[in-house]
$ cat my_file_19.cif   # mmCIF, C-alpha atoms
data_target
loop_
_atom_site.group_PDB
_atom_site.id
_atom_site.type_symbol
_atom_site.label_atom_id
_atom_site.label_comp_id
_atom_site.auth_asym_id
_atom_site.auth_seq_id
_atom_site.Cartn_x
_atom_site.Cartn_y
_atom_site.Cartn_z
ATOM 1 C CA MET A 101 33.103 12.377 -37.868
ATOM 2 C CA VAL A 102 34.713 15.650 -38.848
ATOM 3 C CA PHE A 103 38.074 15.613 -40.484
ATOM 4 C CA LYS A 104 40.183 18.712 -40.136
ATOM 5 C CA GLY A 105 43.284 18.782 -42.312
ATOM 6 C CA SER A 106 45.377 15.800 -43.184
ATOM 7 C CA ASN A 107 47.549 15.658 -40.024
ATOM 8 C CA SER A 108 44.951 15.845 -37.251
ATOM 9 C CA ARG A 109 41.561 14.225 -36.790
ATOM 10 C CA VAL A 110 38.911 15.705 -34.546
ATOM 11 C CA ILE A 111 36.274 13.363 -33.128
ATOM 12 C CA ILE A 112 32.994 14.997 -32.162
ATOM 13 C CA PRO A 113 30.279 12.862 -30.496
ATOM 14 C CA ILE A 114 27.099 12.593 -32.600
ATOM 15 C CA VAL A 115 24.720 12.351 -29.621
ATOM 16 C CA ASP A 116 25.288 14.418 -26.521
ATOM 17 C CA MET A 117 24.572 12.112 -23.552
ATOM 18 C CA THR A 118 24.633 14.707 -20.791
ATOM 19 C CA PRO A 119 20.846 15.234 -20.338
ATOM 20 C CA MET A 120 20.263 11.496 -20.424
ATOM 21 C CA ILE A 121 22.703 10.954 -17.594
ATOM 22 C CA ASP A 122 20.922 13.654 -15.592
ATOM 23 C CA ILE A 123 17.580 11.928 -16.078
ATOM 24 C CA VAL A 124 19.032 8.545 -15.203
ATOM 25 C CA PHE A 125 20.441 9.882 -11.939
ATOM 26 C CA LEU A 126 17.122 11.491 -11.118
ATOM 27 C CA LEU A 127 15.377 8.167 -11.667
ATOM 28 C CA ILE A 128 17.877 6.352 -9.490
ATOM 29 C CA ILE A 129 17.438 8.802 -6.653
ATOM 30 C CA PHE A 130 13.655 8.574 -6.996
ATOM 31 C CA PHE A 131 13.628 4.784 -6.770
ATOM 32 C CA MET A 132 16.049 4.781 -3.845
ATOM 33 C CA VAL A 133 13.981 7.244 -1.857
ATOM 34 C CA ALA A 134 10.628 5.675 -2.772
ATOM 35 C CA ALA A 135 11.816 2.235 -1.722
ATOM 36 C CA GLN A 136 13.043 3.546 1.635
ATOM 37 C CA PHE A 137 9.811 5.355 2.500
ATOM 38 C CA ALA A 138 7.620 2.481 1.370
ATOM 39 C CA GLN A 139 9.511 0.002 3.545
ATOM 40 C CA GLN A 140 9.297 2.185 6.625
ATOM 41 C CA ALA A 141 5.646 3.138 6.455
ATOM 42 C CA HIS A 142 3.966 0.013 5.205
ATOM 43 C CA VAL A 143 3.217 -3.214 7.005
ATOM 44 C CA ASN A 144 2.917 -5.995 4.426
ATOM 45 C CA LEU A 145 -0.449 -7.668 4.753
ATOM 46 C CA ASP A 146 -2.905 -9.582 2.615
ATOM 47 C CA LEU A 147 -5.861 -7.279 2.942
ATOM 48 C CA PRO A 148 -9.316 -8.632 2.062
ATOM 49 C CA ASN A 149 -9.822 -8.406 -1.704
ATOM 50 C CA GLU A 150 -12.858 -6.178 -1.757
ATOM 51 C CA VAL A 151 -13.861 -3.189 -3.826
ATOM 52 C CA GLY A 152 -14.628 -1.086 -0.763
ATOM 53 C CA GLU A 153 -16.927 1.883 -0.795
ATOM 54 C CA GLN A 154 -15.040 3.877 -3.448
ATOM 55 C CA LYS A 155 -15.045 6.990 -1.320
ATOM 56 C CA GLU A 156 -13.515 10.096 -2.813
ATOM 57 C CA GLY A 157 -11.392 12.454 -0.806
ATOM 58 C CA LYS A 158 -9.837 10.240 1.832
ATOM 59 C CA THR A 159 -9.572 11.820 5.256
ATOM 60 C CA LYS A 160 -6.291 12.067 7.094
ATOM 61 C CA ASN A 161 -5.118 8.862 8.782
ATOM 62 C CA THR A 162 -4.332 9.736 12.364
ATOM 63 C CA LEU A 163 -3.985 6.140 13.492
ATOM 64 C CA VAL A 164 -3.465 2.949 11.516
ATOM 65 C CA ILE A 165 -3.837 -0.350 13.361
ATOM 66 C CA ASN A 166 -2.391 -3.358 11.537
ATOM 67 C CA ILE A 167 -3.492 -6.895 12.418
ATOM 68 C CA LEU A 168 -1.140 -9.541 11.072
ATOM 69 C CA ASP A 169 -2.125 -13.051 10.063
ATOM 70 C CA ASN A 170 -0.690 -14.514 13.276
ATOM 71 C CA GLY A 171 -2.949 -12.259 15.345
ATOM 72 C CA SER A 172 -0.324 -9.743 16.452
ATOM 73 C CA ILE A 173 -1.138 -6.054 16.380
ATOM 74 C CA VAL A 174 1.294 -3.501 14.949
ATOM 75 C CA VAL A 175 0.854 0.249 15.035
ATOM 76 C CA ASP A 176 4.390 1.526 14.528
ATOM 77 C CA ASN A 177 6.388 -0.755 12.234
ATOM 78 C CA SER A 178 9.635 0.015 13.987
ATOM 79 C CA GLN A 179 8.285 -1.011 17.417
ATOM 80 C CA GLY A 180 6.845 -4.370 16.404
ATOM 81 C CA ALA A 181 3.865 -6.144 17.938
ATOM 82 C CA ILE A 182 2.014 -4.615 20.885
ATOM 83 C CA SER A 183 -0.629 -5.884 23.292
ATOM 84 C CA ILE A 184 -4.351 -5.152 23.523
ATOM 85 C CA GLU A 185 -3.791 -3.000 26.595
ATOM 86 C CA ASP A 186 -1.333 -0.854 24.639
ATOM 87 C CA ILE A 187 -3.934 -0.477 21.877
ATOM 88 C CA ASP A 188 -6.395 0.697 24.503
ATOM 89 C CA ASP A 189 -3.974 3.441 25.577
ATOM 90 C CA ILE A 190 -3.063 4.398 22.016
ATOM 91 C CA VAL A 191 -6.691 4.674 20.914
ATOM 92 C CA GLY A 192 -7.492 6.653 24.048
ATOM 93 C CA GLU A 193 -4.733 9.138 23.250
ATOM 94 C CA ALA A 194 -5.766 9.403 19.608
ATOM 95 C CA VAL A 195 -9.409 10.033 20.464
ATOM 96 C CA ASN A 196 -8.494 12.742 22.970
ATOM 97 C CA ILE A 197 -6.922 14.803 20.213
ATOM 98 C CA GLU A 198 -9.405 17.413 19.098
ATOM 99 C CA GLY A 199 -11.101 16.737 15.818
ATOM 100 C CA VAL A 200 -10.224 13.068 15.635
ATOM 101 C CA LEU A 201 -13.220 10.987 14.573
ATOM 102 C CA TRP A 202 -13.726 7.385 13.573
ATOM 103 C CA LYS A 203 -12.868 8.459 10.041
ATOM 104 C CA ASN A 204 -9.277 9.119 11.052
ATOM 105 C CA ILE A 205 -8.663 5.636 12.449
ATOM 106 C CA THR A 206 -8.078 2.784 10.032
ATOM 107 C CA ILE A 207 -7.790 -0.922 10.690
ATOM 108 C CA ARG A 208 -5.680 -2.919 8.230
ATOM 109 C CA ALA A 209 -6.353 -6.556 8.957
ATOM 110 C CA ASP A 210 -4.896 -9.564 7.162
ATOM 111 C CA GLU A 211 -7.683 -11.562 5.541
ATOM 112 C CA ASN A 212 -6.291 -14.829 6.953
ATOM 113 C CA ALA A 213 -6.223 -13.651 10.562
ATOM 114 C CA GLN A 214 -8.965 -14.762 12.964
ATOM 115 C CA THR A 215 -11.721 -12.319 13.845
ATOM 116 C CA GLY A 216 -11.005 -12.710 17.563
ATOM 117 C CA VAL A 217 -8.289 -10.044 17.571
ATOM 118 C CA LEU A 218 -10.269 -7.762 15.263
ATOM 119 C CA ASN A 219 -13.288 -8.058 17.535
ATOM 120 C CA GLU A 220 -11.201 -7.130 20.587
ATOM 121 C CA VAL A 221 -9.835 -4.061 18.815
ATOM 122 C CA LEU A 222 -13.314 -3.028 17.712
ATOM 123 C CA VAL A 223 -14.666 -3.424 21.241
ATOM 124 C CA ILE A 224 -11.934 -1.042 22.387
ATOM 125 C CA LEU A 225 -12.866 1.455 19.686
ATOM 126 C CA SER A 226 -16.497 1.226 20.711
ATOM 127 C CA LYS A 227 -15.527 1.706 24.365
ATOM 128 C CA HIS A 228 -13.839 4.990 23.410
ATOM 129 C CA GLY A 229 -17.023 6.241 21.802
ATOM 130 C CA LEU A 230 -16.354 5.531 18.139
ATOM 131 C CA SER A 231 -19.582 4.797 16.322
ATOM 132 C CA ALA A 232 -18.126 3.365 13.127
ATOM 133 C CA THR A 233 -14.865 1.980 11.815
ATOM 134 C CA ASN A 234 -12.715 2.022 8.686
ATOM 135 C CA ILE A 235 -11.553 -1.385 7.547
ATOM 136 C CA ALA A 236 -8.989 -1.310 4.740
ATOM 137 C CA THR A 237 -9.423 -3.489 1.693
ATOM 138 C CA GLU A 238 -7.304 -4.121 -1.362
ATOM 139 C CA SER A 239 -8.891 -3.347 -4.703
ATOM 140 C CA PRO A 240 -9.105 -6.642 -6.613
ATOM 141 C CA MET B 238 46.193 -1.780 -35.041
ATOM 142 C CA VAL B 239 46.711 1.503 -33.316
ATOM 143 C CA CYS B 240 44.352 4.285 -34.327
ATOM 144 C CA ARG B 241 45.290 7.880 -34.586
ATOM 145 C CA GLN B 242 43.315 8.827 -31.509
ATOM 146 C CA GLN B 243 45.355 6.410 -29.378
ATOM 147 C CA ILE B 244 48.581 7.828 -30.782
ATOM 148 C CA LEU B 245 47.333 11.293 -29.976
ATOM 149 C CA GLN B 246 46.441 10.356 -26.415
ATOM 150 C CA ARG B 247 49.735 8.645 -25.845
ATOM 151 C CA ASN B 248 51.696 11.621 -27.085
ATOM 152 C CA LEU B 249 49.400 14.171 -25.478
ATOM 153 C CA PRO B 250 51.440 14.907 -22.352
ATOM 154 C CA ASP B 251 54.426 15.745 -24.518
ATOM 155 C CA MET B 252 52.398 17.911 -26.799
ATOM 156 C CA LEU B 253 50.701 19.887 -24.075
ATOM 157 C CA PHE B 254 52.764 23.011 -24.271
ATOM 158 C CA THR B 255 54.282 22.733 -27.709
ATOM 159 C CA ASN B 256 51.984 25.056 -29.658
ATOM 160 C CA MET B 257 48.492 26.612 -29.506
ATOM 161 C CA GLN B 258 47.032 24.353 -32.195
ATOM 162 C CA LYS B 259 47.781 21.192 -30.299
ATOM 163 C CA ARG B 260 46.626 22.639 -26.963
ATOM 164 C CA ARG B 261 43.043 22.684 -28.288
ATOM 165 C CA LEU B 262 43.152 18.884 -28.365
ATOM 166 C CA LEU B 263 43.107 18.882 -24.539
ATOM 167 C CA ASN B 264 39.357 19.451 -24.460
ATOM 168 C CA LYS B 265 38.321 16.484 -26.541
ATOM 169 C CA THR B 266 38.571 13.343 -24.341
ATOM 170 C CA ALA B 267 39.668 14.591 -20.932
ATOM 171 C CA LEU B 268 37.545 12.117 -18.895
ATOM 172 C CA ASN B 269 36.124 8.821 -20.113
ATOM 173 C CA LEU B 270 32.599 8.468 -18.698
ATOM 174 C CA SER B 271 31.560 5.190 -20.246
ATOM 175 C CA SER B 272 32.256 3.134 -17.108
ATOM 176 C CA MET B 273 30.216 5.498 -14.974
ATOM 177 C CA ILE B 274 27.317 5.225 -17.370
ATOM 178 C CA ASP B 275 27.498 1.425 -17.183
ATOM 179 C CA VAL B 276 27.381 1.481 -13.372
ATOM 180 C CA THR B 277 24.569 4.031 -13.423
ATOM 181 C CA PHE B 278 22.451 1.872 -15.680
ATOM 182 C CA LEU B 279 23.124 -1.171 -13.537
ATOM 183 C CA LEU B 280 21.966 0.676 -10.430
ATOM 184 C CA LEU B 281 18.886 1.916 -12.201
ATOM 185 C CA ILE B 282 17.931 -1.546 -13.406
ATOM 186 C CA TYR B 283 18.497 -2.929 -9.912
ATOM 187 C CA PHE B 284 16.164 -0.421 -8.297
ATOM 188 C CA ILE B 285 13.529 -0.810 -11.005
ATOM 189 C CA ALA B 286 13.604 -4.584 -10.573
ATOM 190 C CA THR B 287 13.422 -4.505 -6.774
ATOM 191 C CA THR B 288 10.771 -1.809 -6.374
ATOM 192 C CA VAL B 289 7.437 -3.253 -5.306
ATOM 193 C CA PHE B 290 4.438 -1.082 -5.940
ATOM 194 C CA THR B 291 1.742 -1.652 -3.342
ATOM 195 C CA PRO B 292 -1.800 -2.051 -4.687
ATOM 196 C CA SER B 293 -4.276 0.723 -4.037
ATOM 197 C CA GLU B 294 -6.370 0.416 -0.911
ATOM 198 C CA ASP B 295 -9.966 1.317 -0.245
ATOM 199 C CA MET B 296 -12.166 1.244 2.845
ATOM 200 C CA LEU B 297 -15.278 -0.354 4.183
ATOM 201 C CA SER B 298 -16.925 1.725 6.897
ATOM 202 C CA PRO B 299 -19.615 -0.204 8.731
ATOM 203 C CA ALA B 300 -21.154 1.268 11.845
ATOM 204 C CA LEU B 301 -19.925 -0.300 15.053
ATOM 205 C CA LYS B 302 -21.870 -1.553 18.056
ATOM 206 C CA VAL B 303 -21.102 -3.956 20.862
ATOM 207 C CA GLU B 304 -23.447 -6.858 21.474
ATOM 208 C CA GLU B 305 -25.585 -5.268 24.196
ATOM 209 C CA GLY B 306 -26.754 -2.493 21.906
ATOM 210 C CA VAL B 307 -27.988 -4.660 19.042
ATOM 211 C CA THR B 308 -31.673 -4.781 19.810
ATOM 212 C CA SER B 309 -32.269 -1.074 20.283
ATOM 213 C CA GLN B 310 -35.838 -0.033 19.769
ATOM 214 C CA GLU B 311 -35.224 3.388 18.286
ATOM 215 C CA GLN B 312 -37.304 2.325 15.340
ATOM 216 C CA ASN B 313 -40.113 -0.151 15.074
ATOM 217 C CA PHE B 314 -38.035 -2.242 12.720
ATOM 218 C CA GLU B 315 -35.619 -4.851 13.876
ATOM 219 C CA PRO B 316 -32.579 -5.055 11.617
ATOM 220 C CA GLN B 317 -31.789 -8.310 9.971
ATOM 221 C CA ILE B 318 -28.903 -10.151 11.541
ATOM 222 C CA VAL B 319 -26.354 -12.175 9.613
ATOM 223 C CA THR B 320 -24.194 -14.197 11.986
ATOM 224 C CA VAL B 321 -20.743 -15.117 10.737
ATOM 225 C CA THR B 322 -19.512 -18.215 12.551
ATOM 226 C CA LEU B 323 -18.193 -21.736 12.167
ATOM 227 C CA TYR B 324 -20.841 -24.293 11.270
ATOM 228 C CA GLU B 325 -19.652 -27.898 11.242
ATOM 229 C CA ALA B 326 -16.048 -26.616 11.280
ATOM 230 C CA LYS B 327 -16.518 -24.490 8.165
ATOM 231 C CA PRO B 328 -17.097 -20.724 8.064
ATOM 232 C CA ALA B 329 -20.723 -19.969 7.337
ATOM 233 C CA TYR B 330 -23.260 -17.170 7.306
ATOM 234 C CA LEU B 331 -26.371 -17.840 9.418
ATOM 235 C CA LEU B 332 -29.471 -15.860 8.506
ATOM 236 C CA GLY B 333 -32.447 -17.030 10.492
ATOM 237 C CA GLU B 334 -32.661 -20.754 9.857
ATOM 238 C CA GLN B 335 -30.539 -20.625 6.733
ATOM 239 C CA VAL B 336 -26.913 -21.706 6.671
ATOM 240 C CA ILE B 337 -24.967 -20.203 3.778
ATOM 241 C CA HIS B 338 -21.400 -21.122 2.912
ATOM 242 C CA ASP B 339 -21.167 -19.390 -0.422
ATOM 243 C CA ARG B 340 -20.727 -15.656 -0.817
ATOM 244 C CA LYS B 341 -22.789 -15.380 -3.998
ATOM 245 C CA GLN B 342 -25.664 -17.187 -2.340
ATOM 246 C CA LEU B 343 -25.474 -14.748 0.567
ATOM 247 C CA ALA B 344 -25.554 -11.835 -1.881
ATOM 248 C CA ALA B 345 -28.639 -13.222 -3.592
ATOM 249 C CA ILE B 346 -30.467 -13.716 -0.306
ATOM 250 C CA ILE B 347 -29.697 -10.385 1.332
ATOM 251 C CA SER B 348 -30.556 -8.479 -1.826
ATOM 252 C CA ARG B 349 -34.142 -9.673 -1.323
ATOM 253 C CA LEU B 350 -34.281 -8.314 2.249
ATOM 254 C CA PRO B 351 -35.822 -4.907 2.938
ATOM 255 C CA HIS B 352 -33.131 -2.239 3.079
ATOM 256 C CA ALA B 353 -34.800 0.272 5.362
ATOM 257 C CA PRO B 354 -34.106 -1.454 8.695
ATOM 258 C CA GLY B 355 -30.472 -1.915 7.861
ATOM 259 C CA ILE B 356 -28.432 -5.047 8.381
ATOM 260 C CA ILE B 357 -26.302 -6.280 11.249
ATOM 261 C CA ILE B 358 -23.234 -8.436 10.648
ATOM 262 C CA ARG B 359 -22.600 -10.249 13.899
ATOM 263 C CA VAL B 360 -19.146 -11.793 13.808
ATOM 264 C CA GLU B 361 -17.891 -14.474 16.151
ATOM 265 C CA ASN B 362 -14.258 -14.935 17.097
ATOM 266 C CA ASN B 363 -13.182 -18.026 15.188
ATOM 267 C CA VAL B 364 -13.724 -17.015 11.569
ATOM 268 C CA PRO B 365 -11.211 -15.684 8.990
ATOM 269 C CA ILE B 366 -11.409 -11.900 8.727
ATOM 270 C CA GLY B 367 -11.723 -12.045 4.924
ATOM 271 C CA PHE B 368 -14.890 -14.128 5.280
ATOM 272 C CA ALA B 369 -16.459 -11.627 7.687
ATOM 273 C CA ILE B 370 -15.497 -8.588 5.613
ATOM 274 C CA ALA B 371 -17.038 -10.238 2.556
ATOM 275 C CA ALA B 372 -20.397 -10.089 4.331
ATOM 276 C CA VAL B 373 -19.954 -6.343 4.909
ATOM 277 C CA GLN B 374 -19.005 -5.820 1.265
ATOM 278 C CA GLU B 375 -21.968 -7.833 -0.001
ATOM 279 C CA SER B 376 -24.290 -5.784 2.218
ATOM 280 C CA ARG B 377 -22.940 -2.587 0.686
ATOM 281 C CA ASN B 378 -23.219 -4.053 -2.791
ATOM 282 C CA ALA B 379 -26.857 -4.986 -2.113
ATOM 283 C CA GLY B 380 -27.571 -1.321 -1.385
ATOM 284 C CA PHE B 381 -27.881 -1.317 2.403
ATOM 285 C CA GLU B 382 -27.235 2.161 3.777
ATOM 286 C CA ARG B 383 -26.994 1.045 7.398
ATOM 287 C CA VAL B 384 -24.531 -1.768 7.839
ATOM 288 C CA THR B 385 -23.485 -2.448 11.413
ATOM 289 C CA TYR B 386 -20.605 -4.658 12.488
ATOM 290 C CA VAL B 387 -21.192 -6.284 15.854
ATOM 291 C CA PRO B 388 -18.368 -8.232 17.525
ATOM 292 C CA ALA B 389 -20.006 -11.202 19.206
ATOM 293 C CA SER B 390 -19.371 -11.565 22.916
ATOM 294 C CA ASP B 391 -18.831 -15.284 23.635
#
$ encode --input "my_file_19.cif" --output "structure tokens"
Amino acid sequence: MVFKGSNSRVIIPIVDMTPMIDIVFLLIIFFMVAAQFAQQAHVNLDLPNEVGEQKEGKTKNTLVINILDNGSIVVDNSQGAISIEDIDDIVGEAVNIEGVLWKNITIRADENAQTGVLNEVLVILSKHGLSATNIATESP
Amino acid sequence: MVCRQQILQRNLPDMLFTNMQKRRLLNKTALNLSSMIDVTFLLLIYFIATTVFTPSEDMLSPALKVEEGVTSQEQNFEPQIVTVTLYEAKPAYLLGEQVIHDRKQLAAIISRLPHAPGIIIRVENNVPIGFAIAAVQESRNAGFERVTYVPASD
């Protein structure tokens, strides 16, 4: 505290809090935005707990097919579950885009779902000429 | 007890235009930000506590074939086939005559198989996906270059 004369007292703050408030606001905005994007893009699943193939340089995901534990198939989180026939059309459209290979299509399947639905999806992929498939796993 | 600062603030409006010396006091505590800082910290703690970080994901990339194409004769070798199915109501791996329920046992057995012909994981419809994918992972771990996933046609 700085005392100036006997009649008036000047109080000067010891620590200037301005930069800290800036950082705190930045953090808040970051967490708000990150939470929003994560909720929109991600379907919550229990993926199989496997190491995977540890590939470097992941290729661009043109199409992500999610298979939930109750057997329903979700491609766009905002649209909800779709049927096998819709998957057939969606895969057909994706494959027709130039440069799209099996590497650009990923299947995220819940580990507790039955293989029946997965097998149907894979038969559709094979029907559209895809020779391999990407199955997502969660690093243990 | 009333401190001098409170007296100053109370009398400040009257002192505003009295003389130059007292006008400098205007700049000292014009806006009290402590409440805003409290709310800011509360918001920050809320978002930190509710943010869920998703675990990192990796991929398994087996080759894909439908059932009719399994026994292709492009080479003289016939790939080994591990069938993933229900055996006595429990998920099991069938390799020839052997019935394997345990993943580690499967790993031990397939590691002894020749790698050159590759391996086929034939998966039936009534098994948990995690169980089937484990077979693909164990094949990769054993060093098989050619791992093929075949959906069984019932």
$ closest_residue --input "my_file_19.cif" --among "A:Ala194, A:Ile114, A:Ile128, A:Val175" --to "chain B" --atoms "only C-alpha atoms"
A:Ile128
$ residues_around --input "my_file_19.cif" --residues "segment 367-375 of chain B" --least-positions-apart "2" --cutoff "6 Å" --atoms "all atoms listed in the file" --output "PyMOL selection string"
(chain A and resi 148+211) or (chain B and resi 344+365+377-378)
$ resolve_selection --input "my_file_19.cif" --expression "the PyMOL selection byres ((chain B) within 8 of (chain A))" --output "mmCIF file with C-alpha atoms, in the frame of the given file"
data_model
loop_
_atom_site.group_PDB
_atom_site.id
_atom_site.type_symbol
_atom_site.label_atom_id
_atom_site.label_comp_id
_atom_site.auth_asym_id
_atom_site.auth_seq_id
_atom_site.Cartn_x
_atom_site.Cartn_y
_atom_site.Cartn_z
ATOM 1 C CA ARG B 241 45.290 7.880 -34.586
ATOM 2 C CA GLN B 242 43.315 8.827 -31.509
ATOM 3 C CA LYS B 265 38.321 16.484 -26.541
ATOM 4 C CA ILE B 274 27.317 5.225 -17.370
ATOM 5 C CA THR B 277 24.569 4.031 -13.423
ATOM 6 C CA PHE B 278 22.451 1.872 -15.680
ATOM 7 C CA LEU B 280 21.966 0.676 -10.430
ATOM 8 C CA LEU B 281 18.886 1.916 -12.201
ATOM 9 C CA PHE B 284 16.164 -0.421 -8.297
ATOM 10 C CA ILE B 285 13.529 -0.810 -11.005
ATOM 11 C CA THR B 288 10.771 -1.809 -6.374
ATOM 12 C CA VAL B 289 7.437 -3.253 -5.306
ATOM 13 C CA PRO B 292 -1.800 -2.051 -4.687
ATOM 14 C CA SER B 293 -4.276 0.723 -4.037
ATOM 15 C CA GLU B 294 -6.370 0.416 -0.911
ATOM 16 C CA ASP B 295 -9.966 1.317 -0.245
ATOM 17 C CA MET B 296 -12.166 1.244 2.845
ATOM 18 C CA LEU B 297 -15.278 -0.354 4.183
ATOM 19 C CA SER B 298 -16.925 1.725 6.897
ATOM 20 C CA PRO B 299 -19.615 -0.204 8.731
ATOM 21 C CA ALA B 300 -21.154 1.268 11.845
ATOM 22 C CA LEU B 301 -19.925 -0.300 15.053
ATOM 23 C CA LYS B 302 -21.870 -1.553 18.056
ATOM 24 C CA VAL B 303 -21.102 -3.956 20.862
ATOM 25 C CA VAL B 360 -19.146 -11.793 13.808
ATOM 26 C CA GLU B 361 -17.891 -14.474 16.151
ATOM 27 C CA ASN B 362 -14.258 -14.935 17.097
ATOM 28 C CA ASN B 363 -13.182 -18.026 15.188
ATOM 29 C CA VAL B 364 -13.724 -17.015 11.569
ATOM 30 C CA PRO B 365 -11.211 -15.684 8.990
ATOM 31 C CA ILE B 366 -11.409 -11.900 8.727
ATOM 32 C CA GLY B 367 -11.723 -12.045 4.924
ATOM 33 C CA PHE B 368 -14.890 -14.128 5.280
ATOM 34 C CA ALA B 369 -16.459 -11.627 7.687
ATOM 35 C CA ILE B 370 -15.497 -8.588 5.613
ATOM 36 C CA ALA B 371 -17.038 -10.238 2.556
ATOM 37 C CA GLN B 374 -19.005 -5.820 1.265
ATOM 38 C CA ARG B 377 -22.940 -2.587 0.686
ATOM 39 C CA PRO B 388 -18.368 -8.232 17.525
ATOM 40 C CA ALA B 389 -20.006 -11.202 19.206
#
$ resolve_selection --input "my_file_19.cif" --expression "the PyMOL selection byres ((chain B and resi 346-358) around 8)" --output "list of chain:residue names"
B:Phe314, B:Glu315, B:Pro316, B:Gln317, B:Ile318, B:Val319, B:Thr320, B:Val321, B:Gln342, B:Leu343, B:Ala344, B:Ala345, B:Arg359, B:Val360, B:Ala372, B:Val373, B:Ser376, B:Ala379, B:Gly380, B:Phe381, B:Glu382, B:Arg383, B:Val384, B:Thr385, B:Tyr386, B:Val387
$ atom_distance --input "my_file_19.cif" --atom1 "atom CA of Val174 of chain A" --atom2 "atom CA of Ile187 of chain A"
9.2 Å
$ atom_distance --input "my_file_19.cif" --atom1 "atom CA of Asp188 of chain A" --atom2 "atom CA of His228 of chain A"
8.7 Å
$ closest_residue --input "my_file_19.cif" --among "A:Val143, A:Ile182, A:Thr162, A:Ile123" --to "Ile197 of chain A" --atoms "only C-alpha atoms"
A:Thr162
$ axis_aligned_box --input "my_file_19.cif" --around "segment 219-236 of chain A" --padding-each-side "4 Å" --output "AutoDock Vina command-line options"
--center_x -14.3 --center_y -0.9 --center_z 14.6 --size_x 18.6 --size_y 22.3 --size_z 27.6
$ atom_distance --input "my_file_19.cif" --atom1 "atom CA of Val164 of chain A" --atom2 "atom CA of Ile205 of chain A"
5.9 Å
$ build_atoms --input "my_file_19.cif" --residues "segment 232-236 of chain A" --atoms "all heavy atoms" --output "CSV table (one decimal), keeping the file's coordinate frame"
chain,number,residue,atom,x,y,z
A,232,ALA,N,-18.3,4.1,14.4
A,232,ALA,CA,-18.1,3.4,13.1
A,232,ALA,C,-16.6,3.1,13.0
A,232,ALA,O,-15.8,3.5,13.8
A,232,ALA,CB,-18.6,4.2,11.9
A,233,THR,N,-16.3,2.4,12.0
A,233,THR,CA,-14.9,2.0,11.8
A,233,THR,C,-14.5,1.9,10.3
A,233,THR,O,-15.3,1.7,9.5
A,233,THR,CB,-14.6,0.6,12.5
A,233,THR,OG1,-13.3,0.2,12.3
A,233,THR,CG2,-15.5,-0.5,11.9
A,234,ASN,N,-13.2,2.2,10.0
A,234,ASN,CA,-12.7,2.0,8.7
A,234,ASN,C,-11.9,0.7,8.6
A,234,ASN,O,-11.0,0.6,9.4
A,234,ASN,CB,-11.8,3.2,8.3
A,234,ASN,CG,-12.5,4.4,8.0
A,234,ASN,OD1,-13.6,4.4,7.4
A,234,ASN,ND2,-11.9,5.6,8.3
A,235,ILE,N,-12.3,-0.1,7.7
A,235,ILE,CA,-11.6,-1.4,7.5
A,235,ILE,C,-11.0,-1.4,6.1
A,235,ILE,O,-11.7,-1.2,5.2
A,235,ILE,CB,-12.5,-2.6,7.8
A,235,ILE,CG1,-13.0,-2.6,9.2
A,235,ILE,CG2,-11.7,-3.9,7.5
A,235,ILE,CD1,-13.9,-3.7,9.5
A,236,ALA,N,-9.7,-1.5,6.0
A,236,ALA,CA,-9.0,-1.3,4.7
A,236,ALA,C,-9.1,-2.6,3.9
A,236,ALA,O,-9.1,-3.7,4.4
A,236,ALA,CB,-7.5,-1.0,5.0
